[in-house]
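One file, protein26.json, carrying JSON, C-alpha atoms:
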```json
[["chain", "number", "residue", "atom", "x", "y", "z"],
["A", 15, "MET", "CA", -4.50, 8.49, -12.35],
["A", 16, "ALA", "CA", -3.39, 12.02, -11.61],
["A", 17, "SER", "CA", -0.63, 13.52, -13.72],
["A", 18, "ILE", "CA", 1.71, 16.35, -12.84],
["A", 19, "ILE", "CA", -0.20, 18.64, -15.22],
["A", 20, "GLU", "CA", -3.46, 17.80, -13.45],
["A", 21, "VAL", "CA", -1.93, 18.65, -10.06],
["A", 22, "TYR", "CA", -0.86, 22.08, -11.30],
["A", 23, "ARG", "CA", -4.25, 22.64, -12.93],
["A", 24, "ARG", "CA", -6.35, 21.64, -9.89],
["A", 25, "TRP", "CA", -4.12, 23.03, -7.15],
["A", 26, "PRO", "CA", -2.05, 25.94, -8.49],
["A", 27, "SER", "CA", -1.38, 27.37, -5.02],
["A", 28, "ARG", "CA", -1.19, 26.38, -1.35],
["A", 29, "ALA", "CA", -4.56, 28.02, -0.73],
["A", 30, "ASP", "CA", -6.14, 25.70, -3.28],
["A", 31, "CYS", "CA", -4.57, 22.67, -1.56],
["A", 32, "ILE", "CA", -5.87, 23.81, 1.84],
["A", 33, "SER", "CA", -9.33, 24.48, 0.44],
["A", 34, "HIS", "CA", -9.49, 21.00, -1.11],
["A", 35, "MET", "CA", -8.41, 19.30, 2.12],
["A", 36, "GLU", "CA", -11.00, 21.25, 4.11],
["A", 37, "ARG", "CA", -13.78, 20.10, 1.77],
["A", 38, "VAL", "CA", -12.62, 16.48, 1.97],
["A", 39, "ARG", "CA", -12.16, 16.40, 5.74],
["A", 40, "TRP", "CA", -14.92, 18.67, 7.00],
["A", 41, "GLY", "CA", -17.30, 19.45, 4.19],
["A", 42, "GLU", "CA", -19.42, 22.42, 5.26],
["A", 43, "HIS", "CA", -18.93, 21.86, 9.01],
["A", 44, "PRO", "CA", -15.34, 22.24, 10.27],
["A", 45, "THR", "CA", -14.58, 20.77, 13.69],
["A", 46, "CYS", "CA", -11.73, 21.12, 16.14],
["A", 47, "PRO", "CA", -9.24, 18.21, 15.84],
["A", 48, "TYR", "CA", -8.34, 18.57, 19.53],
["A", 49, "CYS", "CA", -11.69, 18.57, 21.35],
["A", 50, "GLY", "CA", -14.14, 17.77, 18.53],
["A", 51, "ALA", "CA", -16.18, 20.94, 18.96],
["A", 52, "ASP", "CA", -17.95, 22.33, 15.89],
["A", 53, "HIS", "CA", -18.03, 25.91, 17.19],
["A", 54, "VAL", "CA", -14.96, 27.23, 15.39],
["A", 55, "SER", "CA", -14.08, 30.37, 13.49],
["A", 56, "ARG", "CA", -11.40, 31.64, 11.16],
["A", 57, "ASN", "CA", -8.34, 33.09, 12.79],
["A", 58, "ARG", "CA", -8.28, 36.76, 11.81],
["A", 59, "ASP", "CA", -5.03, 37.73, 13.50],
["A", 60, "ALA", "CA", -3.55, 40.18, 11.00],
["A", 61, "SER", "CA", -0.13, 40.02, 12.65],
["A", 62, "ARG", "CA", 0.36, 36.39, 11.56],
["A", 63, "ALA", "CA", 1.00, 35.12, 8.08],
["A", 64, "ALA", "CA", -1.23, 32.58, 6.35],
["A", 65, "THR", "CA", -4.15, 33.32, 8.69],
["A", 66, "ALA", "CA", -6.61, 32.31, 5.99],
["A", 67, "GLU", "CA", -5.85, 28.63, 6.63],
["A", 68, "ARG", "CA", -5.98, 28.86, 10.44],
["A", 69, "TRP", "CA", -9.02, 28.22, 12.62],
["A", 70, "LYS", "CA", -9.71, 28.83, 16.30],
["A", 71, "CYS", "CA", -11.87, 26.68, 18.55],
["A", 72, "GLN", "CA", -14.32, 28.55, 20.76],
["A", 73, "ARG", "CA", -14.36, 25.74, 23.34],
["A", 74, "CYS", "CA", -10.68, 24.92, 23.96],
["A", 75, "PHE", "CA", -9.40, 28.17, 22.37],
["A", 76, "ARG", "CA", -6.70, 26.35, 20.40],
["A", 77, "SER", "CA", -5.61, 27.39, 16.95],
["A", 78, "PHE", "CA", -5.39, 24.75, 14.24],
["A", 79, "SER", "CA", -5.42, 24.09, 10.53],
["A", 80, "VAL", "CA", -6.80, 21.23, 8.43],
["A", 81, "THR", "CA", -3.39, 19.53, 8.40],
["A", 82, "VAL", "CA", -3.48, 18.79, 12.16],
["A", 83, "GLY", "CA", -3.65, 15.04, 12.73],
["A", 84, "THR", "CA", -2.83, 14.16, 9.11],
["A", 85, "ILE", "CA", 0.37, 13.10, 7.37],
["A", 86, "PHE", "CA", 0.92, 16.78, 6.51],
["A", 87, "GLN", "CA", 1.06, 17.98, 10.12],
["A", 88, "ASN", "CA", 4.11, 20.12, 11.02],
["A", 89, "THR", "CA", 5.51, 19.83, 7.51],
["A", 90, "HIS", "CA", 7.78, 22.57, 6.20],
["A", 91, "VAL", "CA", 7.29, 21.43, 2.61],
["A", 92, "ASP", "CA", 4.62, 23.19, 0.61],
["A", 93, "LEU", "CA", 1.49, 21.11, 0.03],
["A", 94, "GLN", "CA", 1.74, 21.33, -3.74],
["A", 95, "ARG", "CA", 4.99, 19.35, -3.63],
["A", 96, "TRP", "CA", 3.27, 16.79, -1.41],
["A", 97, "PHE", "CA", 0.51, 16.44, -4.00],
["A", 98, "LEU", "CA", 3.09, 16.18, -6.80],
["A", 99, "LEU", "CA", 4.93, 13.42, -4.93],
["A", 100, "ILE", "CA", 1.71, 11.45, -4.48],
["A", 101, "ALA", "CA", 1.00, 11.74, -8.20],
["A", 102, "LEU", "CA", 4.52, 10.56, -9.06],
["A", 103, "MET", "CA", 4.25, 7.55, -6.73],
["A", 104, "LEU", "CA", 0.87, 6.52, -8.13],
["A", 105, "SER", "CA", 2.00, 6.75, -11.75],
["A", 106, "ALA", "CA", 5.08, 4.53, -11.20],
["A", 107, "LYS", "CA", 3.78, 0.96, -11.53],
["A", 108, "LYS", "CA", 7.01, -0.60, -10.30],
["A", 109, "GLY", "CA", 7.72, 2.01, -7.65],
["A", 110, "LEU", "CA", 9.59, 5.30, -7.45],
["A", 111, "SER", "CA", 12.95, 5.66, -5.78],
["A", 112, "ALA", "CA", 13.47, 8.48, -3.30],
["A", 113, "MET", "CA", 16.53, 9.62, -5.26],
["A", 114, "GLN", "CA", 14.52, 9.97, -8.48],
["A", 115, "ALA", "CA", 11.70, 11.80, -6.67],
["A", 116, "ALA", "CA", 14.23, 14.14, -5.06],
["A", 117, "ARG", "CA", 15.61, 15.04, -8.49],
["A", 118, "ASP", "CA", 12.11, 15.60, -9.93],
["A", 119, "LEU", "CA", 11.02, 17.82, -7.03],
["A", 120, "GLU", "CA", 14.40, 19.53, -6.48],
["A", 121, "MET", "CA", 14.54, 18.46, -2.84],
["A", 122, "ARG", "CA", 16.90, 16.58, -0.53],
["A", 123, "ARG", "CA", 16.65, 12.81, -0.68],
["A", 124, "PRO", "CA", 16.21, 12.28, 3.11],
["A", 125, "THR", "CA", 13.27, 14.71, 3.13],
["A", 126, "VAL", "CA", 11.60, 12.99, 0.19],
["A", 127, "TRP", "CA", 12.27, 9.55, 1.70],
["A", 128, "SER", "CA", 10.49, 10.58, 4.90],
["A", 129, "MET", "CA", 7.57, 12.07, 2.95],
["A", 130, "MET", "CA", 7.16, 8.89, 0.91],
["A", 131, "HIS", "CA", 6.92, 6.79, 4.07],
["A", 132, "ARG", "CA", 4.19, 9.06, 5.40],
["A", 133, "ILE", "CA", 2.29, 8.69, 2.14],
["A", 134, "ARG", "CA", 2.67, 4.90, 2.27],
["A", 135, "LYS", "CA", 1.17, 4.90, 5.77],
["A", 136, "ALA", "CA", -1.92, 6.60, 4.34],
["A", 137, "MET", "CA", -2.31, 3.97, 1.59],
["A", 138, "ASP", "CA", -4.63, 1.80, 3.63],
["A", 139, "ASP", "CA", -6.57, -1.32, 2.69],
["A", 140, "ASP", "CA", -10.32, -0.95, 2.05],
["A", 141, "GLY", "CA", -11.07, -3.65, 4.64],
["A", 142, "LYS", "CA", -13.32, -5.68, 2.34],
["A", 143, "LEU", "CA", -12.99, -9.47, 2.31],
["A", 144, "LEU", "CA", -11.67, -11.25, -0.76],
["A", 145, "ARG", "CA", -14.21, -13.34, -2.67],
["A", 146, "GLY", "CA", -14.44, -15.57, -5.71],
["A", 147, "ILE", "CA", -11.40, -17.42, -7.02],
["A", 148, "VAL", "CA", -8.56, -16.42, -4.68],
["A", 149, "GLU", "CA", -4.91, -17.39, -5.04],
["A", 150, "MET", "CA", -2.54, -17.45, -2.08],
["A", 151, "ASP", "CA", 1.23, -17.71, -2.15],
["A", 152, "GLU", "CA", 4.39, -16.53, -0.44],
["A", 153, "VAL", "CA", 7.46, -14.70, -1.71],
["A", 154, "TYR", "CA", 10.85, -14.01, -0.15],
["A", 155, "VAL", "CA", 12.26, -10.48, -0.29],
["A", 156, "GLY", "CA", 15.90, -9.70, 0.29],
["A", 157, "PRO", "CA", 19.33, -9.41, -1.30],
["A", 158, "SER", "CA", 20.51, -12.19, -3.60],
["A", 159, "ARG", "CA", 23.99, -13.59, -3.25],
["A", 160, "ARG", "CA", 26.33, -12.56, -6.01],
["A", 161, "LYS", "CA", 27.27, -15.42, -8.27],
["A", 162, "LYS", "CA", 30.84, -16.61, -8.11],
["A", 163, "ASN", "CA", 33.13, -17.01, -11.08],
["A", 164, "ARG", "CA", 32.80, -20.76, -11.29],
["A", 165, "ARG", "CA", 29.33, -21.92, -12.27],
["A", 166, "ASP", "CA", 29.51, -25.02, -10.11],
["A", 167, "MET", "CA", 29.97, -22.78, -7.04],
["A", 168, "ASP", "CA", 26.75, -20.75, -7.56],
["A", 169, "ASP", "CA", 24.32, -20.61, -4.66],
["A", 170, "ASP", "CA", 21.35, -22.61, -5.94],
["A", 171, "ARG", "CA", 19.55, -22.82, -2.62],
["A", 172, "PRO", "CA", 15.80, -22.04, -2.79],
["A", 173, "SER", "CA", 14.64, -18.76, -1.27],
["A", 174, "TRP", "CA", 13.12, -20.40, 1.79],
["A", 175, "MET", "CA", 16.55, -21.67, 2.79],
["A", 176, "THR", "CA", 18.15, -18.20, 2.73],
["A", 177, "ASN", "CA", 17.81, -15.26, 5.14],
["A", 178, "LYS", "CA", 15.26, -13.40, 3.03],
["A", 179, "THR", "CA", 12.05, -12.04, 4.57],
["A", 180, "PRO", "CA", 8.81, -13.89, 3.73],
["A", 181, "VAL", "CA", 5.73, -12.04, 2.47],
["A", 182, "VAL", "CA", 2.39, -13.83, 2.20],
["A", 183, "GLY", "CA", -0.32, -12.57, -0.11],
["A", 184, "ALA", "CA", -3.72, -13.43, -1.54],
["A", 185, "VAL", "CA", -5.37, -12.03, -4.65],
["A", 186, "GLU", "CA", -8.71, -12.30, -6.39],
["A", 187, "ARG", "CA", -8.53, -13.15, -10.05],
["A", 188, "LYS", "CA", -9.14, -9.83, -11.80],
["A", 189, "GLY", "CA", -9.56, -8.27, -8.37],
["A", 190, "ARG", "CA", -7.83, -7.01, -5.24],
["A", 191, "VAL", "CA", -4.74, -8.17, -3.39],
["A", 192, "LYS", "CA", -3.79, -8.33, 0.28],
["A", 193, "ALA", "CA", -0.29, -9.03, 1.60],
["A", 194, "LYS", "CA", 1.53, -9.15, 4.90],
["A", 195, "VAL", "CA", 5.13, -9.49, 6.06],
["A", 196, "LEU", "CA", 5.67, -12.49, 8.34],
["A", 197, "LYS", "CA", 8.52, -13.93, 10.35],
["A", 198, "ARG", "CA", 9.96, -17.28, 9.33],
["A", 199, "ALA", "CA", 8.66, -18.82, 12.53],
["A", 200, "ASP", "CA", 5.13, -17.77, 11.52],
["A", 201, "LEU", "CA", 5.06, -19.75, 8.26],
["A", 202, "THR", "CA", 2.76, -22.30, 9.85],
["A", 203, "ASN", "CA", -0.73, -23.61, 9.26],
["A", 204, "LYS", "CA", -1.95, -21.69, 12.31],
["A", 205, "ALA", "CA", -0.72, -18.36, 10.91],
["A", 206, "PHE", "CA", -2.10, -19.07, 7.42],
["A", 207, "THR", "CA", -5.46, -20.07, 8.89],
["A", 208, "ALA", "CA", -5.61, -16.74, 10.73],
["A", 209, "LEU", "CA", -4.84, -14.87, 7.50],
["A", 210, "VAL", "CA", -7.54, -16.75, 5.61],
["A", 211, "ARG", "CA", -10.09, -15.87, 8.30],
["A", 212, "ASP", "CA", -9.03, -12.19, 8.26],
["A", 213, "TRP", "CA", -8.81, -11.79, 4.49],
["A", 214, "MET", "CA", -11.45, -14.03, 2.87],
["A", 215, "ASP", "CA", -15.14, -14.82, 2.95],
["A", 216, "PRO", "CA", -15.16, -18.63, 3.33],
["A", 217, "LYS", "CA", -18.78, -18.90, 2.09],
["A", 218, "ASP", "CA", -18.03, -17.26, -1.25],
["A", 219, "THR", "CA", -14.40, -18.15, -1.92],
["A", 220, "VAL", "CA", -12.44, -20.94, -3.55],
["A", 221, "LEU", "CA", -8.80, -20.85, -2.49],
["A", 222, "THR", "CA", -5.94, -21.99, -4.73],
["A", 223, "THR", "CA", -2.40, -22.55, -3.45],
["A", 224, "ASP", "CA", 0.68, -24.60, -4.20],
["A", 225, "GLU", "CA", 1.54, -27.70, -2.18],
["A", 226, "LEU", "CA", 3.37, -26.02, 0.68],
["A", 227, "SER", "CA", 2.78, -28.11, 3.79],
["A", 228, "ALA", "CA", 1.49, -25.13, 5.78],
["A", 229, "TYR", "CA", -1.49, -24.88, 3.39],
["A", 230, "ARG", "CA", -2.65, -28.48, 3.74],
["A", 231, "GLN", "CA", -5.23, -27.99, 6.49],
["A", 232, "LEU", "CA", -6.86, -24.89, 5.01],
["A", 233, "GLY", "CA", -9.49, -27.12, 3.40],
["A", 234, "GLU", "CA", -11.07, -27.49, 6.85],
["A", 235, "ILE", "CA", -12.23, -23.86, 6.86],
["A", 236, "ILE", "CA", -12.51, -22.94, 3.16],
["A", 237, "PRO", "CA", -12.86, -24.74, -0.20],
["A", 238, "HIS", "CA", -9.25, -25.40, -1.15],
["A", 239, "ARG", "CA", -7.45, -26.78, -4.20],
["A", 240, "THR", "CA", -3.74, -27.06, -4.94],
["A", 241, "ILE", "CA", -1.43, -27.04, -7.93],
["A", 242, "ASN", "CA", 1.70, -29.17, -8.11],
["A", 243, "HIS", "CA", 4.31, -26.91, -9.73],
["A", 244, "SER", "CA", 6.67, -29.83, -10.31],
["A", 245, "LEU", "CA", 4.15, -31.15, -12.85],
["A", 246, "ALA", "CA", 2.52, -28.03, -14.30],
["A", 247, "TYR", "CA", 1.97, -24.32, -13.72],
["A", 248, "SER", "CA", -1.72, -24.56, -14.68],
["A", 249, "GLN", "CA", -4.16, -27.45, -14.75],
["A", 250, "ARG", "CA", -7.76, -27.76, -15.83],
["A", 251, "ASP", "CA", -10.10, -28.41, -12.91],
["A", 252, "GLU", "CA", -12.00, -31.48, -14.11],
["A", 253, "SER", "CA", -14.13, -31.71, -10.94],
["A", 254, "PHE", "CA", -15.29, -28.09, -10.90],
["A", 255, "PRO", "CA", -14.67, -26.53, -14.33],
["A", 256, "MET", "CA", -16.82, -23.52, -13.40],
["A", 257, "PHE", "CA", -13.97, -22.38, -11.13],
["A", 258, "GLY", "CA", -11.51, -22.09, -14.01],
["A", 259, "SER", "CA", -8.03, -23.54, -14.22],
["A", 260, "THR", "CA", -6.04, -24.35, -11.10],
["A", 261, "HIS", "CA", -3.00, -22.05, -10.95],
["A", 262, "THR", "CA", -1.36, -19.30, -8.93],
["A", 263, "ASN", "CA", -0.27, -17.19, -11.89],
["A", 264, "THR", "CA", -2.20, -14.12, -10.72],
["A", 265, "ILE", "CA", -0.41, -13.85, -7.39],
["A", 266, "GLU", "CA", 2.86, -14.62, -9.16],
["A", 267, "GLY", "CA", 2.18, -11.55, -11.31],
["A", 268, "VAL", "CA", 1.88, -9.44, -8.15],
["A", 269, "TRP", "CA", 5.17, -10.86, -6.87],
["A", 270, "ALA", "CA", 6.76, -10.00, -10.24],
["A", 271, "ILE", "CA", 5.84, -6.34, -9.69],
["A", 272, "LEU", "CA", 7.31, -6.51, -6.18],
["A", 273, "ARG", "CA", 10.56, -8.11, -7.39],
["A", 274, "ARG", "CA", 11.01, -5.53, -10.14],
["A", 275, "ALA", "CA", 10.34, -2.71, -7.69],
["A", 276, "VAL", "CA", 13.02, -4.02, -5.34],
["A", 277, "THR", "CA", 15.52, -4.81, -8.08],
["A", 278, "GLY", "CA", 14.99, -1.82, -10.34],
["A", 279, "GLN", "CA", 13.92, 1.01, -8.02],
["A", 280, "PHE", "CA", 14.39, 0.47, -4.30],
["A", 281, "HIS", "CA", 17.44, -1.87, -4.53],
["A", 282, "HIS", "CA", 17.39, -2.51, -0.79],
["A", 283, "ILE", "CA", 14.50, -2.59, 1.69],
["A", 284, "SER", "CA", 15.07, -3.15, 5.38],
["A", 285, "ASP", "CA", 12.75, -5.44, 7.32],
["A", 286, "LYS", "CA", 11.64, -2.44, 9.39],
["A", 287, "TYR", "CA", 10.14, -0.59, 6.42],
["A", 288, "LEU", "CA", 9.18, -3.53, 4.19],
["A", 289, "PRO", "CA", 5.51, -3.44, 5.35],
["A", 290, "LEU", "CA", 5.22, 0.15, 4.10],
["A", 291, "TYR", "CA", 6.50, -0.77, 0.64],
["A", 292, "ILE", "CA", 4.07, -3.70, 0.56],
["A", 293, "ARG", "CA", 1.21, -1.30, 1.39],
["A", 294, "GLU", "CA", 2.19, 0.93, -1.51],
["A", 295, "ILE", "CA", 2.38, -1.88, -4.04],
["A", 296, "CYS", "CA", -0.92, -3.40, -2.88],
["A", 297, "TYR", "CA", -2.69, -0.03, -2.96],
["A", 298, "ARG", "CA", -1.49, 0.79, -6.46],
["A", 299, "TYR", "CA", -2.47, -2.70, -7.68],
["A", 300, "ASN", "CA", -5.96, -2.43, -6.13],
["A", 301, "ASP", "CA", -6.50, 1.09, -7.48],
["A", 302, "ARG", "CA", -5.86, 0.09, -11.07],
["A", 303, "ALA", "CA", -9.59, -0.57, -11.63],
["A", 304, "ALA", "CA", -11.16, 1.97, -9.24],
["A", 305, "ASN", "CA", -8.73, 4.62, -10.47],
["A", 306, "THR", "CA", -9.36, 6.98, -7.56],
["A", 307, "GLY", "CA", -5.83, 8.26, -8.02],
["A", 308, "ILE", "CA", -4.62, 11.14, -5.91],
["A", 309, "ASP", "CA", -8.13, 11.87, -4.61],
["A", 310, "GLY", "CA", -8.24, 8.46, -2.95],
["A", 311, "VAL", "CA", -4.90, 8.95, -1.20],
["A", 312, "LEU", "CA", -5.83, 12.46, -0.08],
["A", 313, "ALA", "CA", -9.14, 11.21, 1.29],
["A", 314, "MET", "CA", -7.38, 8.55, 3.37],
["A", 315, "ALA", "CA", -4.72, 11.04, 4.45],
["A", 316, "CYS", "CA", -7.42, 13.45, 5.69],
["A", 317, "LEU", "CA", -10.02, 10.99, 7.00],
["A", 318, "GLY", "CA", -8.55, 7.57, 7.59],
["A", 319, "HIS", "CA", -4.95, 8.03, 8.66],
["A", 320, "ARG", "CA", -3.71, 9.99, 11.62],
["A", 321, "VAL", "CA", -0.06, 10.50, 12.58]]
```

Would you write the structure of this file as structure tokens?
Amino acid sequence: MASIIEVYRRWPSRADCISHMERVRWGEHPTCPYCGADHVSRNRDASRAATAERWKCQRCFRSFSVTVGTIFQNTHVDLQRWFLLIALMLSAKKGLSAMQAARDLEMRRPTVWSMMHRIRKAMDDDGKLLRGIVEMDEVYVGPSRRKKNRRDMDDDRPSWMTNKTPVVGAVERKGRVKAKVLKRADLTNKAFTALVRDWMDPKDTVLTTDELSAYRQLGEIIPHRTINHSLAYSQRDESFPMFGSTHTNTIEGVWAILRRAVTGQFHHISDKYLPLYIREICYRYNDRAANTGIDGVLAMACLGHRV
């Protein structure tokens, strides 16, 4: 995990940031992001500033830099602050508020908020299927009603009866997590079946869920076991002890991180941007073992994600 000190040590100037991005994106063979030609040369126009980072294509004759087509394109913020913001976001397990980041970087909150969303877009999933013991569950994200003065007037309705937004996720025990924001109308067996097919390898996976009715038919496409939370939070699997106990505590741990991020850092997340926050939390959770840190995000920003 990259620290602020490491960012300053590895990239003390904008030129160092540009040089690193060129190595990650192009290696030894730079190409034009507009036409794909590899016949390019450095722009040596002495009348322009920062010509060292500019290239010119000999086919389409367009000038470009390594930031074209990435989350850094057309930014007026120096790249070192971008790298610092990525490091701050990765080191905050329960999320980083835009207001706090703005104070740390001495910038305006709206600017930092926009930058953080661009970074979240680059935090992509690795695309690999989940395997082994996989737990699947849903959580509801949204504001909670304030309790009234009289205890007997508190709103004790379960989350699925409120107007909160559902998020469905699946996680390997001691492994990776995948999550997706759904509409209430999509909390059906058909939608969950599609997620299982997209996320999991049915030949090498044992799925564990609670007794939500929408999960009942998943056993037709994947080995499936359930836990009755009205009786216990964890039960020993007498039929197949090699699969470990039957529980959904791992995915509940992921939801605990999400709840604390919303309550303690973000405070309010609109439905429009909720998928981006889910991407960030999933990426940080999955990177805890690989520990690619800022290099992983920069690689996806330069290679995988395009604005």

Spatial neighbours of segment 183-196 of chain A, 7 Å, all atoms listed in the file, chain gap at least 5 places, as a ChimeraX atom specification
/A:144-152,264-265,289,292,296,300

Please compute the atom CA of Tyr22 of chain A-atom CA of Gly310 of chain A distance, one decimal, in Å.
17.6 Å

Which residues are close to Lys204 of chain A, i.e. within 12 Å by only C-alpha atoms, leaving aside same-chain residues fewer than 3 positions away? Reply as JSON, numbers by chain.
{"A": [199, 200, 201, 207, 208, 209, 210, 211, 227, 228, 229, 230, 231, 232, 235]}

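Here atom CA of Asp92 of chain A and atom CA of Cys31 of chain A stand 9.5 Å from one another.
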
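Shortest separation to Phe257 of chain A among A:Leu290, A:Glu234, A:Ala275, A:Asp218 occurs at residue A:Asp218, atoms counted being all atoms listed in the file.
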
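With distances taken over all atoms listed in the file, A:Thr240 is the one residue among A:Ser77, A:Thr219, A:Asn57, A:Thr240 lying closest to Thr262 of chain A.
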
Could I see segment 303-315 of chain A restored to N, CA and C atoms, set down as a PDB file, in the frame of the given file?
```pdb
ATOM      1  N   ALA A 303      -8.239  -0.515 -11.073  1.00  0.00           N
ATOM      2  CA  ALA A 303      -9.590  -0.570 -11.630  1.00  0.00           C
ATOM      3  C   ALA A 303     -10.439   0.592 -11.128  1.00  0.00           C
ATOM      4  N   ALA A 304     -10.382   0.859  -9.808  1.00  0.00           N
ATOM      5  CA  ALA A 304     -11.160   1.970  -9.240  1.00  0.00           C
ATOM      6  C   ALA A 304     -10.662   3.306  -9.740  1.00  0.00           C
ATOM      7  N   ASN A 305      -9.352   3.418  -9.914  1.00  0.00           N
ATOM      8  CA  ASN A 305      -8.730   4.620 -10.470  1.00  0.00           C
ATOM      9  C   ASN A 305      -9.136   5.877  -9.704  1.00  0.00           C
ATOM     10  N   THR A 306      -9.088   5.789  -8.364  1.00  0.00           N
ATOM     11  CA  THR A 306      -9.360   6.980  -7.560  1.00  0.00           C
ATOM     12  C   THR A 306      -8.187   7.947  -7.569  1.00  0.00           C
ATOM     13  N   GLY A 307      -6.992   7.416  -7.861  1.00  0.00           N
ATOM     14  CA  GLY A 307      -5.830   8.260  -8.020  1.00  0.00           C
ATOM     15  C   GLY A 307      -5.488   9.064  -6.789  1.00  0.00           C
ATOM     16  N   ILE A 308      -5.079  10.294  -7.007  1.00  0.00           N
ATOM     17  CA  ILE A 308      -4.620  11.140  -5.910  1.00  0.00           C
ATOM     18  C   ILE A 308      -5.755  11.499  -4.972  1.00  0.00           C
ATOM     19  N   ASP A 309      -6.998  11.551  -5.478  1.00  0.00           N
ATOM     20  CA  ASP A 309      -8.130  11.870  -4.610  1.00  0.00           C
ATOM     21  C   ASP A 309      -8.328  10.800  -3.556  1.00  0.00           C
ATOM     22  N   GLY A 310      -8.105   9.534  -3.924  1.00  0.00           N
ATOM     23  CA  GLY A 310      -8.240   8.460  -2.950  1.00  0.00           C
ATOM     24  C   GLY A 310      -7.205   8.543  -1.853  1.00  0.00           C
ATOM     25  N   VAL A 311      -5.962   8.836  -2.209  1.00  0.00           N
ATOM     26  CA  VAL A 311      -4.900   8.950  -1.200  1.00  0.00           C
ATOM     27  C   VAL A 311      -5.150  10.152  -0.306  1.00  0.00           C
ATOM     28  N   LEU A 312      -5.566  11.272  -0.885  1.00  0.00           N
ATOM     29  CA  LEU A 312      -5.830  12.460  -0.080  1.00  0.00           C
ATOM     30  C   LEU A 312      -7.000  12.237   0.867  1.00  0.00           C
ATOM     31  N   ALA A 313      -8.001  11.498   0.419  1.00  0.00           N
ATOM     32  CA  ALA A 313      -9.140  11.210   1.290  1.00  0.00           C
ATOM     33  C   ALA A 313      -8.710  10.379   2.488  1.00  0.00           C
ATOM     34  N   MET A 314      -7.862   9.370   2.252  1.00  0.00           N
ATOM     35  CA  MET A 314      -7.380   8.550   3.370  1.00  0.00           C
ATOM     36  C   MET A 314      -6.436   9.343   4.259  1.00  0.00           C
ATOM     37  N   ALA A 315      -5.638  10.226   3.660  1.00  0.00           N
ATOM     38  CA  ALA A 315      -4.720  11.040   4.450  1.00  0.00           C
ATOM     39  C   ALA A 315      -5.493  11.995   5.372  1.00  0.00           C
TER      40      ALA A 315
END
```
